[in-house]
Amino acid sequence: MHESRRKGRGIDLDEVREYQPGDDARYIDWRVTARKAHAHIRVFREERELPTLIVVDQTRSMFFGSVARLKSVAAAEAAALTAWRALQAGDRVGGVVIGETELAAFRPHRSSVAVGRFLAAVASANQALSTARATADSLGQLPETLARLAPANQRIVVISDFAAREDWIDAVTALASRNATSFVAIFDPLERSLPRARRAFHVSDGMRRVRFDASRGADDYQRRFDRRMDLLASHCRDTGIDLTTIATNDPTP
């Protein structure tokens, strides 16, 4: 992930080629030179800094979980692990927190204090979900924010359930050709399949109450989920984006 497109002084050997005027004589490979009867030099692959930008979805659709934890909590845990691992690897770390009422952006810094500020914003957006009502178009601000924070040569990690996110998925994809991009899709087992039961269930979002019969339409319910995930996976393959899925009852990776 950190390899530069440029060749020069570095650690990993990239190739051995014929010596050209202007090459550094210190990198002549004398064994190859003796075998080929003319000078050859070793060319190394340089490493480059790859700042990490973590985009965490903490909007209303993430405020759901039937087992173990909420999707929003699983996303927050994944963001924290990604941030600390990147910092440990020597990378600068920043992020974007998409809350229900606002969007918070943090430029990448190589500092545990900066990571702490970013994760505090994640926790704040997470805790606000229980009472939040949308007052600003936080998702609408994302494309412009990403274009400003990650113009090129960064690692972008997007953590979301990717439910009805076509608008900003396109915005992130537009940056994928210039940045190493990964999607982490969070889902709950109840979103994938309904419990097999010969009775009705009552579901509420705190404002509305819906009754449905779980004995009917379960197969179609699962097909819709599988179709949505297949489309996301296909999109990632076509655009060179890495995709990881995490269920709310999975152990933290």
# chains A, B, ... in the order shown; residues from 1 in each chain; ligands from 1
>>> select_by_dssp(residues="stretch 77-196 of chain A", states="helix (DSSP H, G or I)", output="number ranges by chain")
A: 77-88, 112-128, 139-149, 166-176, 189-192
>>> residues_around(residues="A:His202", least_positions_apart="3", cutoff="8 Å", atoms="only C-alpha atoms", output="PyMOL selection string")
chain A and resi 209-212
>>> residues_around(residues="stretch 15-20 of chain A", least_positions_apart="4", cutoff="10 Å", atoms="only C-alpha atoms", output="number ranges by chain")
A: 7, 24-25, 27-29, 32-33, 36, 38-45
>>> residues_around(residues="stretch 107-118 of chain A", least_positions_apart="4", cutoff="6 Å", atoms="only C-alpha atoms", output="MDAnalysis selection string")
chainID A and resid 92:94
>>> closest_residue(among="A:Asn179, A:Gln88, A:Ser160, A:Gln141", to="A:Ser72", atoms="only C-alpha atoms")
A:Ser160
>>> select_by_dssp(residues="stretch 132-232 of chain A", states="strand (DSSP E)", output="list of chain:residue names")
A:Arg155, A:Ile156, A:Val157, A:Val158, A:Ile159, A:Ser160, A:Ala180, A:Thr181, A:Ser182, A:Phe183, A:Val184, A:Ala185, A:Ile186, A:Phe187, A:Ala200, A:Phe201, A:His202, A:Val203, A:Ser204, A:Arg209, A:Val210, A:Arg211, A:Phe212, A:Asp213
>>> write_last_selection(atoms="N, CA, C and O atoms", output="short mmCIF file (atom, residue, chain, number, x, y, z; two decimals), in the first residue's frame")
data_model
loop_
_atom_site.label_atom_id
_atom_site.label_comp_id
_atom_site.auth_asym_id
_atom_site.auth_seq_id
_atom_site.Cartn_x
_atom_site.Cartn_y
_atom_site.Cartn_z
N ARG A 155 -4.98 6.99 1.67
CA ARG A 155 -5.81 5.82 1.87
C ARG A 155 -7.14 6.28 2.44
O ARG A 155 -7.20 6.93 3.47
N ILE A 156 -8.23 5.97 1.75
CA ILE A 156 -9.57 6.34 2.21
C ILE A 156 -10.29 5.07 2.64
O ILE A 156 -10.41 4.12 1.87
N VAL A 157 -10.76 5.04 3.87
CA VAL A 157 -11.52 3.90 4.40
C VAL A 157 -12.91 4.39 4.75
O VAL A 157 -13.07 5.26 5.62
N VAL A 158 -13.92 3.87 4.07
CA VAL A 158 -15.31 4.29 4.29
C VAL A 158 -16.04 3.19 5.05
O VAL A 158 -16.11 2.05 4.58
N ILE A 159 -16.59 3.52 6.22
CA ILE A 159 -17.27 2.55 7.08
C ILE A 159 -18.73 2.94 7.17
O ILE A 159 -19.08 3.99 7.72
N SER A 160 -19.63 2.09 6.65
CA SER A 160 -21.05 2.44 6.56
C SER A 160 -21.85 1.17 6.30
O SER A 160 -21.28 0.10 6.02
N ALA A 180 -5.91 5.02 -2.56
CA ALA A 180 -6.18 3.63 -2.21
C ALA A 180 -7.44 3.60 -1.36
O ALA A 180 -7.44 4.11 -0.23
N THR A 181 -8.50 3.03 -1.88
CA THR A 181 -9.83 3.16 -1.25
C THR A 181 -10.36 1.81 -0.80
O THR A 181 -10.24 0.82 -1.52
N SER A 182 -10.97 1.79 0.39
CA SER A 182 -11.58 0.58 0.94
C SER A 182 -12.96 0.90 1.48
O SER A 182 -13.17 1.98 2.05
N PHE A 183 -13.89 -0.02 1.29
CA PHE A 183 -15.22 0.07 1.89
C PHE A 183 -15.34 -1.01 2.97
O PHE A 183 -14.95 -2.17 2.74
N VAL A 184 -15.86 -0.64 4.12
CA VAL A 184 -16.19 -1.60 5.18
C VAL A 184 -17.70 -1.53 5.37
O VAL A 184 -18.24 -0.54 5.88
N ALA A 185 -18.39 -2.58 4.93
CA ALA A 185 -19.85 -2.61 4.97
C ALA A 185 -20.32 -3.26 6.26
O ALA A 185 -20.00 -4.43 6.54
N ILE A 186 -21.09 -2.53 7.05
CA ILE A 186 -21.62 -3.03 8.32
C ILE A 186 -23.07 -3.46 8.10
O ILE A 186 -23.86 -2.74 7.48
N PHE A 187 -23.43 -4.64 8.61
CA PHE A 187 -24.82 -5.08 8.51
C PHE A 187 -25.20 -5.86 9.75
O PHE A 187 -24.34 -6.33 10.52
N ALA A 200 -46.69 -12.97 13.91
CA ALA A 200 -46.38 -11.62 13.49
C ALA A 200 -45.41 -10.96 14.47
O ALA A 200 -45.39 -11.28 15.66
N PHE A 201 -44.63 -10.03 13.95
CA PHE A 201 -43.71 -9.26 14.77
C PHE A 201 -44.12 -7.79 14.72
O PHE A 201 -44.69 -7.32 13.74
N HIS A 202 -43.80 -7.09 15.80
CA HIS A 202 -44.04 -5.65 15.86
C HIS A 202 -42.69 -4.94 15.92
O HIS A 202 -41.84 -5.28 16.74
N VAL A 203 -42.52 -3.98 15.03
CA VAL A 203 -41.26 -3.25 14.94
C VAL A 203 -41.55 -1.76 15.07
O VAL A 203 -42.53 -1.26 14.51
N SER A 204 -40.69 -1.05 15.80
CA SER A 204 -40.88 0.38 15.98
C SER A 204 -39.54 1.10 15.83
O SER A 204 -38.49 0.57 16.22
N ARG A 209 -45.03 2.35 14.50
CA ARG A 209 -45.09 0.94 14.89
C ARG A 209 -45.67 0.15 13.71
O ARG A 209 -46.73 0.50 13.19
N VAL A 210 -44.95 -0.89 13.29
CA VAL A 210 -45.36 -1.68 12.13
C VAL A 210 -45.49 -3.15 12.53
O VAL A 210 -44.65 -3.68 13.26
N ARG A 211 -46.52 -3.79 12.02
CA ARG A 211 -46.74 -5.21 12.27
C ARG A 211 -46.54 -5.96 10.96
O ARG A 211 -47.05 -5.55 9.92
N PHE A 212 -45.75 -7.04 10.99
CA PHE A 212 -45.56 -7.82 9.78
C PHE A 212 -45.50 -9.31 10.11
O PHE A 212 -45.13 -9.70 11.22
N ASP A 213 -45.84 -10.11 9.14
CA ASP A 213 -45.88 -11.56 9.29
C ASP A 213 -44.56 -12.13 8.79
O ASP A 213 -44.25 -12.10 7.61
#
>>> residues_around(residues="A:Ile169", least_positions_apart="6", cutoff="12 Å", atoms="only C-alpha atoms", output="list in words")
Val55, Leu139, Gly140, Leu142, Pro143, Leu146, Val158, Ile159, Ser160, Asp161, Phe162, Ala163, Leu175, Ala176, Thr181, Ser182, Phe183, Leu232, His235, Cys236, Thr239 and Ile241 of chain A
>>> write_last_selection(atoms="all heavy atoms", output="short mmCIF file (atom, residue, chain, number, x, y, z; two decimals), in the first residue's frame")
data_model
loop_
_atom_site.label_atom_id
_atom_site.label_comp_id
_atom_site.auth_asym_id
_atom_site.auth_seq_id
_atom_site.Cartn_x
_atom_site.Cartn_y
_atom_site.Cartn_z
N VAL A 55 -13.67 7.56 6.93
CA VAL A 55 -15.01 8.13 6.83
C VAL A 55 -15.97 7.20 7.59
O VAL A 55 -16.11 6.03 7.24
CB VAL A 55 -15.45 8.27 5.37
CG1 VAL A 55 -16.85 8.88 5.29
CG2 VAL A 55 -14.44 9.10 4.58
N LEU A 139 -24.80 14.53 4.73
CA LEU A 139 -24.35 13.70 3.62
C LEU A 139 -24.06 14.54 2.38
O LEU A 139 -23.14 14.24 1.62
CB LEU A 139 -25.40 12.64 3.29
CG LEU A 139 -25.49 11.45 4.24
CD1 LEU A 139 -26.67 10.57 3.89
CD2 LEU A 139 -24.21 10.65 4.23
N GLY A 140 -24.82 15.59 2.19
CA GLY A 140 -24.62 16.44 1.02
C GLY A 140 -23.29 17.17 1.06
O GLY A 140 -22.77 17.59 0.01
N LEU A 142 -20.49 15.78 2.07
CA LEU A 142 -19.38 14.84 2.00
C LEU A 142 -18.53 14.94 0.74
O LEU A 142 -17.30 14.96 0.83
CB LEU A 142 -19.91 13.40 2.17
CG LEU A 142 -18.83 12.31 2.20
CD1 LEU A 142 -17.91 12.49 3.39
CD2 LEU A 142 -19.47 10.93 2.24
N PRO A 143 -19.13 14.97 -0.47
CA PRO A 143 -18.28 15.02 -1.67
C PRO A 143 -17.28 16.16 -1.67
O PRO A 143 -16.09 15.96 -1.97
CB PRO A 143 -19.30 15.16 -2.80
CG PRO A 143 -20.55 14.53 -2.26
CD PRO A 143 -20.56 14.90 -0.81
N LEU A 146 -14.49 15.51 1.02
CA LEU A 146 -13.51 14.51 0.61
C LEU A 146 -12.58 15.05 -0.47
O LEU A 146 -11.37 14.78 -0.44
CB LEU A 146 -14.22 13.25 0.11
CG LEU A 146 -14.85 12.35 1.16
CD1 LEU A 146 -15.52 11.15 0.50
CD2 LEU A 146 -13.80 11.87 2.17
N VAL A 158 -13.92 3.87 4.07
CA VAL A 158 -15.31 4.29 4.29
C VAL A 158 -16.04 3.19 5.05
O VAL A 158 -16.11 2.05 4.58
CB VAL A 158 -16.04 4.58 2.97
CG1 VAL A 158 -17.44 5.11 3.24
CG2 VAL A 158 -15.25 5.58 2.13
N ILE A 159 -16.59 3.52 6.22
CA ILE A 159 -17.27 2.55 7.08
C ILE A 159 -18.73 2.94 7.17
O ILE A 159 -19.08 3.99 7.72
CB ILE A 159 -16.62 2.51 8.48
CG1 ILE A 159 -15.11 2.28 8.37
CG2 ILE A 159 -17.26 1.41 9.33
CD1 ILE A 159 -14.37 2.43 9.68
N SER A 160 -19.63 2.09 6.65
CA SER A 160 -21.05 2.44 6.56
C SER A 160 -21.85 1.17 6.30
O SER A 160 -21.28 0.10 6.02
CB SER A 160 -21.26 3.44 5.43
OG SER A 160 -22.63 3.68 5.19
N ASP A 161 -23.18 1.29 6.38
CA ASP A 161 -24.03 0.19 5.93
C ASP A 161 -24.36 0.31 4.45
O ASP A 161 -24.95 -0.58 3.85
CB ASP A 161 -25.31 0.08 6.77
CG ASP A 161 -26.17 1.34 6.67
OD1 ASP A 161 -25.78 2.30 5.96
OD2 ASP A 161 -27.23 1.38 7.32
N PHE A 162 -23.99 1.46 3.86
CA PHE A 162 -24.18 1.73 2.43
C PHE A 162 -25.64 1.55 1.99
O PHE A 162 -25.92 1.14 0.87
CB PHE A 162 -23.26 0.83 1.58
CG PHE A 162 -21.80 1.10 1.83
CD1 PHE A 162 -21.07 0.31 2.71
CD2 PHE A 162 -21.17 2.16 1.20
CE1 PHE A 162 -19.73 0.57 2.94
CE2 PHE A 162 -19.84 2.42 1.44
CZ PHE A 162 -19.11 1.62 2.31
N ALA A 163 -26.54 1.88 2.89
CA ALA A 163 -27.97 1.82 2.57
C ALA A 163 -28.39 3.15 1.94
O ALA A 163 -28.29 4.20 2.58
CB ALA A 163 -28.79 1.55 3.83
N LEU A 175 -12.80 9.47 -6.42
CA LEU A 175 -11.48 9.68 -5.83
C LEU A 175 -10.65 8.40 -5.82
O LEU A 175 -9.45 8.45 -5.53
CB LEU A 175 -11.62 10.21 -4.40
CG LEU A 175 -12.31 11.57 -4.23
CD1 LEU A 175 -12.55 11.85 -2.76
CD2 LEU A 175 -11.48 12.68 -4.86
N ALA A 176 -11.28 7.25 -6.09
CA ALA A 176 -10.60 5.96 -5.96
C ALA A 176 -9.44 5.81 -6.94
O ALA A 176 -8.47 5.10 -6.65
CB ALA A 176 -11.60 4.82 -6.15
N THR A 181 -8.50 3.03 -1.88
CA THR A 181 -9.83 3.16 -1.25
C THR A 181 -10.36 1.81 -0.80
O THR A 181 -10.24 0.82 -1.52
CB THR A 181 -10.82 3.82 -2.23
OG1 THR A 181 -10.26 5.05 -2.70
CG2 THR A 181 -12.15 4.09 -1.56
N SER A 182 -10.97 1.79 0.39
CA SER A 182 -11.58 0.58 0.94
C SER A 182 -12.96 0.90 1.48
O SER A 182 -13.17 1.98 2.05
CB SER A 182 -10.72 -0.01 2.07
OG SER A 182 -9.42 -0.30 1.63
N PHE A 183 -13.89 -0.02 1.29
CA PHE A 183 -15.22 0.07 1.89
C PHE A 183 -15.34 -1.01 2.97
O PHE A 183 -14.95 -2.17 2.74
CB PHE A 183 -16.32 -0.17 0.86
CG PHE A 183 -16.57 0.99 -0.07
CD1 PHE A 183 -17.49 0.87 -1.10
CD2 PHE A 183 -15.92 2.20 0.09
CE1 PHE A 183 -17.74 1.93 -1.96
CE2 PHE A 183 -16.15 3.27 -0.76
CZ PHE A 183 -17.07 3.13 -1.79
N LEU A 232 -23.04 -3.90 -4.50
CA LEU A 232 -21.94 -3.17 -3.88
C LEU A 232 -20.61 -3.86 -4.19
O LEU A 232 -19.62 -3.20 -4.54
CB LEU A 232 -22.15 -3.08 -2.37
CG LEU A 232 -21.06 -2.33 -1.58
CD1 LEU A 232 -20.99 -0.87 -2.02
CD2 LEU A 232 -21.33 -2.43 -0.07
N HIS A 235 -19.66 -3.27 -7.79
CA HIS A 235 -19.18 -1.90 -7.96
C HIS A 235 -17.73 -1.79 -7.49
O HIS A 235 -16.90 -1.14 -8.16
CB HIS A 235 -20.06 -0.95 -7.16
CG HIS A 235 -19.58 0.47 -7.16
ND1 HIS A 235 -19.80 1.34 -8.21
CD2 HIS A 235 -18.85 1.16 -6.24
CE1 HIS A 235 -19.25 2.50 -7.93
NE2 HIS A 235 -18.67 2.43 -6.75
N CYS A 236 -17.40 -2.42 -6.37
CA CYS A 236 -16.04 -2.35 -5.84
C CYS A 236 -15.05 -3.07 -6.76
O CYS A 236 -13.94 -2.57 -7.00
CB CYS A 236 -16.00 -2.96 -4.44
SG CYS A 236 -16.81 -1.95 -3.18
N THR A 239 -14.28 -0.90 -9.81
CA THR A 239 -13.58 0.36 -9.56
C THR A 239 -12.28 0.19 -8.77
O THR A 239 -11.62 1.17 -8.44
CB THR A 239 -14.49 1.33 -8.79
OG1 THR A 239 -14.98 0.69 -7.59
CG2 THR A 239 -15.68 1.75 -9.64
N ILE A 241 -11.91 -0.97 -5.69
CA ILE A 241 -12.07 -0.67 -4.26
C ILE A 241 -12.12 -1.98 -3.47
O ILE A 241 -12.83 -2.91 -3.84
CB ILE A 241 -13.36 0.14 -4.03
CG1 ILE A 241 -13.26 1.51 -4.72
CG2 ILE A 241 -13.64 0.31 -2.54
CD1 ILE A 241 -14.54 2.32 -4.66
#
>>> atom_distance(atom1="atom CA of A:Lys71", atom2="atom CA of A:Asp250")
11.1 Å
>>> residues_around(residues="A:Thr248", least_positions_apart="4", cutoff="7 Å", atoms="only C-alpha atoms", output="list in words")
Gly65, Val67, Ala68, Arg69, Leu70, Lys71, Ala74, Phe187 and Asp188 of chain A
>>> write_last_selection(atoms="all heavy atoms", output="PDB file, in the first residue's frame")
ATOM      1  N   GLY A  65     -29.610  -2.620  15.621  1.00  0.00           N
ATOM      2  CA  GLY A  65     -28.873  -3.837  15.941  1.00  0.00           C
ATOM      3  C   GLY A  65     -29.778  -4.813  16.663  1.00  0.00           C
ATOM      4  O   GLY A  65     -30.493  -4.421  17.580  1.00  0.00           O
ATOM      5  N   VAL A  67     -28.523  -8.040  17.569  1.00  0.00           N
ATOM      6  CA  VAL A  67     -27.668  -8.897  18.399  1.00  0.00           C
ATOM      7  C   VAL A  67     -26.355  -8.185  18.675  1.00  0.00           C
ATOM      8  O   VAL A  67     -25.862  -7.437  17.854  1.00  0.00           O
ATOM      9  CB  VAL A  67     -27.368 -10.252  17.711  1.00  0.00           C
ATOM     10  CG1 VAL A  67     -28.593 -11.134  17.662  1.00  0.00           C
ATOM     11  CG2 VAL A  67     -26.804 -10.047  16.320  1.00  0.00           C
ATOM     12  N   ALA A  68     -25.817  -8.420  19.833  1.00  0.00           N
ATOM     13  CA  ALA A  68     -24.458  -7.992  20.210  1.00  0.00           C
ATOM     14  C   ALA A  68     -24.296  -6.470  20.308  1.00  0.00           C
ATOM     15  O   ALA A  68     -23.962  -5.950  21.375  1.00  0.00           O
ATOM     16  CB  ALA A  68     -23.413  -8.583  19.261  1.00  0.00           C
ATOM     17  N   ARG A  69     -24.507  -5.745  19.231  1.00  0.00           N
ATOM     18  CA  ARG A  69     -24.253  -4.302  19.231  1.00  0.00           C
ATOM     19  C   ARG A  69     -24.982  -3.646  18.064  1.00  0.00           C
ATOM     20  O   ARG A  69     -25.435  -4.321  17.137  1.00  0.00           O
ATOM     21  CB  ARG A  69     -22.756  -4.028  19.124  1.00  0.00           C
ATOM     22  CG  ARG A  69     -22.132  -4.729  17.934  1.00  0.00           C
ATOM     23  CD  ARG A  69     -20.638  -4.679  17.940  1.00  0.00           C
ATOM     24  NE  ARG A  69     -20.108  -5.564  16.905  1.00  0.00           N
ATOM     25  CZ  ARG A  69     -18.849  -5.666  16.576  1.00  0.00           C
ATOM     26  NH1 ARG A  69     -17.964  -4.921  17.191  1.00  0.00           N
ATOM     27  NH2 ARG A  69     -18.456  -6.494  15.637  1.00  0.00           N
ATOM     28  N   LEU A  70     -25.063  -2.324  18.108  1.00  0.00           N
ATOM     29  CA  LEU A  70     -25.652  -1.569  17.015  1.00  0.00           C
ATOM     30  C   LEU A  70     -24.655  -1.478  15.851  1.00  0.00           C
ATOM     31  O   LEU A  70     -23.446  -1.586  16.043  1.00  0.00           O
ATOM     32  CB  LEU A  70     -26.016  -0.163  17.469  1.00  0.00           C
ATOM     33  CG  LEU A  70     -27.028  -0.021  18.610  1.00  0.00           C
ATOM     34  CD1 LEU A  70     -27.154   1.443  19.009  1.00  0.00           C
ATOM     35  CD2 LEU A  70     -28.379  -0.585  18.212  1.00  0.00           C
ATOM     36  N   LYS A  71     -25.170  -1.229  14.653  1.00  0.00           N
ATOM     37  CA  LYS A  71     -24.288  -1.019  13.511  1.00  0.00           C
ATOM     38  C   LYS A  71     -23.389   0.194  13.744  1.00  0.00           C
ATOM     39  O   LYS A  71     -22.219   0.188  13.352  1.00  0.00           O
ATOM     40  CB  LYS A  71     -25.111  -0.828  12.232  1.00  0.00           C
ATOM     41  CG  LYS A  71     -25.808  -2.076  11.748  1.00  0.00           C
ATOM     42  CD  LYS A  71     -26.382  -1.896  10.357  1.00  0.00           C
ATOM     43  CE  LYS A  71     -27.538  -0.913  10.340  1.00  0.00           C
ATOM     44  NZ  LYS A  71     -28.124  -0.770   8.975  1.00  0.00           N
ATOM     45  N   ALA A  74     -20.488  -0.910  15.908  1.00  0.00           N
ATOM     46  CA  ALA A  74     -19.539  -1.717  15.135  1.00  0.00           C
ATOM     47  C   ALA A  74     -18.694  -0.821  14.227  1.00  0.00           C
ATOM     48  O   ALA A  74     -17.484  -1.026  14.072  1.00  0.00           O
ATOM     49  CB  ALA A  74     -20.280  -2.757  14.308  1.00  0.00           C
ATOM     50  N   PHE A 187     -23.428  -4.638   8.610  1.00  0.00           N
ATOM     51  CA  PHE A 187     -24.818  -5.077   8.507  1.00  0.00           C
ATOM     52  C   PHE A 187     -25.200  -5.863   9.754  1.00  0.00           C
ATOM     53  O   PHE A 187     -24.344  -6.329  10.518  1.00  0.00           O
ATOM     54  CB  PHE A 187     -25.039  -5.935   7.251  1.00  0.00           C
ATOM     55  CG  PHE A 187     -24.409  -7.304   7.316  1.00  0.00           C
ATOM     56  CD1 PHE A 187     -25.132  -8.402   7.749  1.00  0.00           C
ATOM     57  CD2 PHE A 187     -23.079  -7.491   6.935  1.00  0.00           C
ATOM     58  CE1 PHE A 187     -24.554  -9.664   7.821  1.00  0.00           C
ATOM     59  CE2 PHE A 187     -22.489  -8.745   6.997  1.00  0.00           C
ATOM     60  CZ  PHE A 187     -23.224  -9.832   7.442  1.00  0.00           C
ATOM     61  N   ASP A 188     -26.495  -5.992   9.953  1.00  0.00           N
ATOM     62  CA  ASP A 188     -27.025  -6.771  11.069  1.00  0.00           C
ATOM     63  C   ASP A 188     -27.652  -8.054  10.525  1.00  0.00           C
ATOM     64  O   ASP A 188     -28.259  -8.032   9.441  1.00  0.00           O
ATOM     65  CB  ASP A 188     -28.084  -5.965  11.832  1.00  0.00           C
ATOM     66  CG  ASP A 188     -28.543  -6.668  13.091  1.00  0.00           C
ATOM     67  OD1 ASP A 188     -27.875  -6.511  14.127  1.00  0.00           O
ATOM     68  OD2 ASP A 188     -29.568  -7.389  13.034  1.00  0.00           O
TER      69      ASP A 188
END
>>> atom_distance(atom1="atom CA of A:Asn126", atom2="atom CA of A:Gln58")
6.0 Å
>>> closest_residue(among="A:Thr244, A:Thr145, A:Ser234, A:Asn249", to="A:Val96", atoms="only C-alpha atoms")
A:Thr145
>>> closest_residue(among="A:Leu81, A:Leu190, A:Ala86, A:Val97", to="A:Tyr221", atoms="only C-alpha atoms")
A:Leu190
